[in-house]
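Asker: Take a look at the following structure, please.
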Amino acid sequence: MNLPNTLRLNEYGFYEVIDKPSPAELSDYYARRYYQEGLTTYQPSYPPEELEHIEGKLRLRRWVLEQLRPETADAAPKSFLDIGCGEGWALAHFHRQGWDVLGLDYSSFSVERFQPELRAYLRTGDIVEQMAQLIADGRTFDVLWLDNVLEHVPDPAALLQQCRALVAPGGTLVVEVPNDFSALQNYLLEQGYIDRPFWVVLPDHLAYFNQTGLRNVAQATGWRVAKTLADQPIDLNLLNPATNYVMNRAAGPGAHRARLEQDNLLLRTAPLPAVAAYYEAMAGVGLGRNIVAFLQPV
């Protein structure tokens, strides 16, 4: 595999960008441009099937969190910190469950669009600085949430160390990252099904995790992997010329709709324990476009 010369394999076993933006450049990009200029995959509005998909995944992950919660935990409202909360879907979901919630983001743009009633639960500004202030204030949280954030930061290990300082005893950090440089993706490149590592997207993604790299950096920063789920393996479409959305962009919307429909059907009709087992098994064989790791402090 020809690796882009902008990347290197680091000591944890995941690829990272060699020349990274400065904190000031990163802050400006996410505070002023990322949402406002449409540089993200986030949309101005979402159809019902997308909203069902978002809510179904949140419901599944909350169920997993409840299974990991210590039996000795009291029944008081649980605390939730969403780091890089984006549009605020998770913030809203856990708020509806009666949790004490707090979101951090560079910008209030998307929360104000989709969850304006939760603006009071959002702190804006440099995320690293915001987390440092929470640590200085002695704050801890039962659940920390890093949904498609870790791949965007210059120093994932430092961010995980900050999270370690913010997790309450018996708490959990939920990390979702793209499943990059996976065995399937490498096979697709080697066999010529795709002509480039399409998952390398600069300047958005600065780190590229597979399960090994994510586990290694988690363990090095004081976490153990309690459970790992995958999600729908949309990349399997690339084995079929009729649905290969990398070589034929027109196939992309159909592949995405099928992905939503599969997940929605499972979450609508199957018991959550079975759905969780299904996606845990998928993670076990390295499939899934994304990895969802439930980390607990060592």
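How things are named: the first chain in the structure tokens is A, the next is B, and so on; residues count from 1 in each chain; ligands count from 1 in the order shown.
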What are the closest atom pairs, with distances in Å to one decimal, for all residues of segment 208-229 of chain A lying within 12 Å of segment 280-291 of chain A? Consider only C-alpha atoms, order rows by chain and residue number, and present the result as a tab-separated table.

Answerer:
residue	atom	partner	partner_atom	distance
A:Tyr208	CA	A:Asn290	CA	11.1
A:Phe209	CA	A:Ile291	CA	8.8
A:Asn210	CA	A:Ile291	CA	7.8
A:Gln211	CA	A:Ile291	CA	7.2
A:Thr212	CA	A:Gly286	CA	10.0
A:Gly213	CA	A:Ile291	CA	11.4
A:Leu214	CA	A:Ile291	CA	9.1
A:Arg215	CA	A:Ile291	CA	10.9
A:Val225	CA	A:Ile291	CA	12.0
A:Ala226	CA	A:Glu280	CA	11.4
A:Lys227	CA	A:Glu280	CA	7.7
A:Thr228	CA	A:Glu280	CA	5.9
A:Leu229	CA	A:Glu280	CA	4.4

Asker: Among segment 97-267 of chain A, which ones does DSSP assign to strand (DSSP E) (computed from the backbone)? Answer as a ChimeraX atom specification.

Answerer: /A:100-105,122-124,141-147,167-178,207-208,223-230

Asker: Restrict the selected residues to C-alpha atoms and save them as a CSV table (one decimal), in the first residue's frame.

Answerer:
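See result.csv below for the written result:
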chain,number,residue,atom,x,y,z
A,100,ASP,CA,-27.1,16.4,34.2
A,101,VAL,CA,-25.5,17.4,30.9
A,102,LEU,CA,-22.8,19.7,29.7
A,103,GLY,CA,-21.5,20.2,26.2
A,104,LEU,CA,-18.2,21.7,25.0
A,105,ASP,CA,-17.6,22.9,21.4
A,122,LEU,CA,-23.1,24.5,26.2
A,123,ARG,CA,-19.6,26.1,26.8
A,124,THR,CA,-17.8,27.4,23.8
A,141,PHE,CA,-18.6,13.1,35.1
A,142,ASP,CA,-20.2,9.6,35.1
A,143,VAL,CA,-20.0,9.5,31.3
A,144,LEU,CA,-17.7,11.4,28.9
A,145,TRP,CA,-18.6,11.4,25.2
A,146,LEU,CA,-16.1,11.7,22.3
A,147,ASP,CA,-18.2,11.2,19.2
A,167,VAL,CA,-14.1,10.7,34.7
A,168,ALA,CA,-15.8,9.8,38.0
A,169,PRO,CA,-15.0,6.5,39.8
A,170,GLY,CA,-16.8,3.8,37.9
A,171,GLY,CA,-17.5,6.1,35.0
A,172,THR,CA,-17.1,5.5,31.3
A,173,LEU,CA,-15.6,7.3,28.3
A,174,VAL,CA,-17.4,6.6,25.0
A,175,VAL,CA,-15.2,7.1,22.0
A,176,GLU,CA,-16.3,6.8,18.4
A,177,VAL,CA,-13.8,7.1,15.6
A,178,PRO,CA,-13.7,6.0,11.9
A,207,ALA,CA,-5.3,10.8,13.2
A,208,TYR,CA,-6.5,7.5,11.6
A,223,TRP,CA,-8.0,3.3,30.3
A,224,ARG,CA,-9.2,-0.3,29.6
A,225,VAL,CA,-11.5,-1.3,26.8
A,226,ALA,CA,-14.7,-2.6,28.5
A,227,LYS,CA,-16.6,-3.2,25.2
A,228,THR,CA,-16.2,-2.3,21.5
A,229,LEU,CA,-19.0,-2.1,19.0
A,230,ALA,CA,-18.9,-1.5,15.2

Asker: Do you know which residues are at most 12 Å from Val200 of chain A counting only C-alpha atoms, after dropping those on the same chain fewer than 3 positions away, and could you put them as a ChimeraX atom specification?

Answerer: /A:3-7,15-17,151-152,178-181,185,196-197,203-209

Asker: Just checking: using only C-alpha atoms, which residue out of A:Asn248, A:Asn186, A:Ser108, A:Gln67 ends up closest to Gly84 of chain A?

Answerer: A:Ser108

Asker: Which distance in Å separates atom CA of Gln161 of chain A and atom CA of Ser79 of chain A, to one decimal?

Answerer: 19.1 Å

Asker: Can you measure atom CA of Val275 of chain A to atom CA of Gly88 of chain A for me? One decimal in Å is fine.

Answerer: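 Atom CA of Val275 of chain A sits 24.3 Å away from atom CA of Gly88 of chain A.
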
Asker: Can you tell me which residues surround Leu134 of chain A at a distance of at most 12 Å, considering only C-alpha atoms, apart from same-chain residues fewer than 2 positions away, and format the answer as a ChimeraX atom specification?

Answerer: /A:81,83,102-104,123,127-132,136-141,162-163,165-167

Asker: Going by DSSP on the backbone, which bits of segment 4-73 of chain A are helix (DSSP H, G or I)? Write them as a VMD selection string, please.

Answerer: chain A and resid 23 to 33 48 to 68

Asker: At what distance in Å, to one decimal, does atom CA of Gly125 of chain A lie from atom CA of Ser27 of chain A?

Answerer: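 A separation of 7.8 Å between them.
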
Asker: Which is closest to Arg62 of chain A among A:Leu295, A:Leu272, A:Leu236, A:Ala242, if we use only C-alpha atoms?

Answerer: A:Leu272
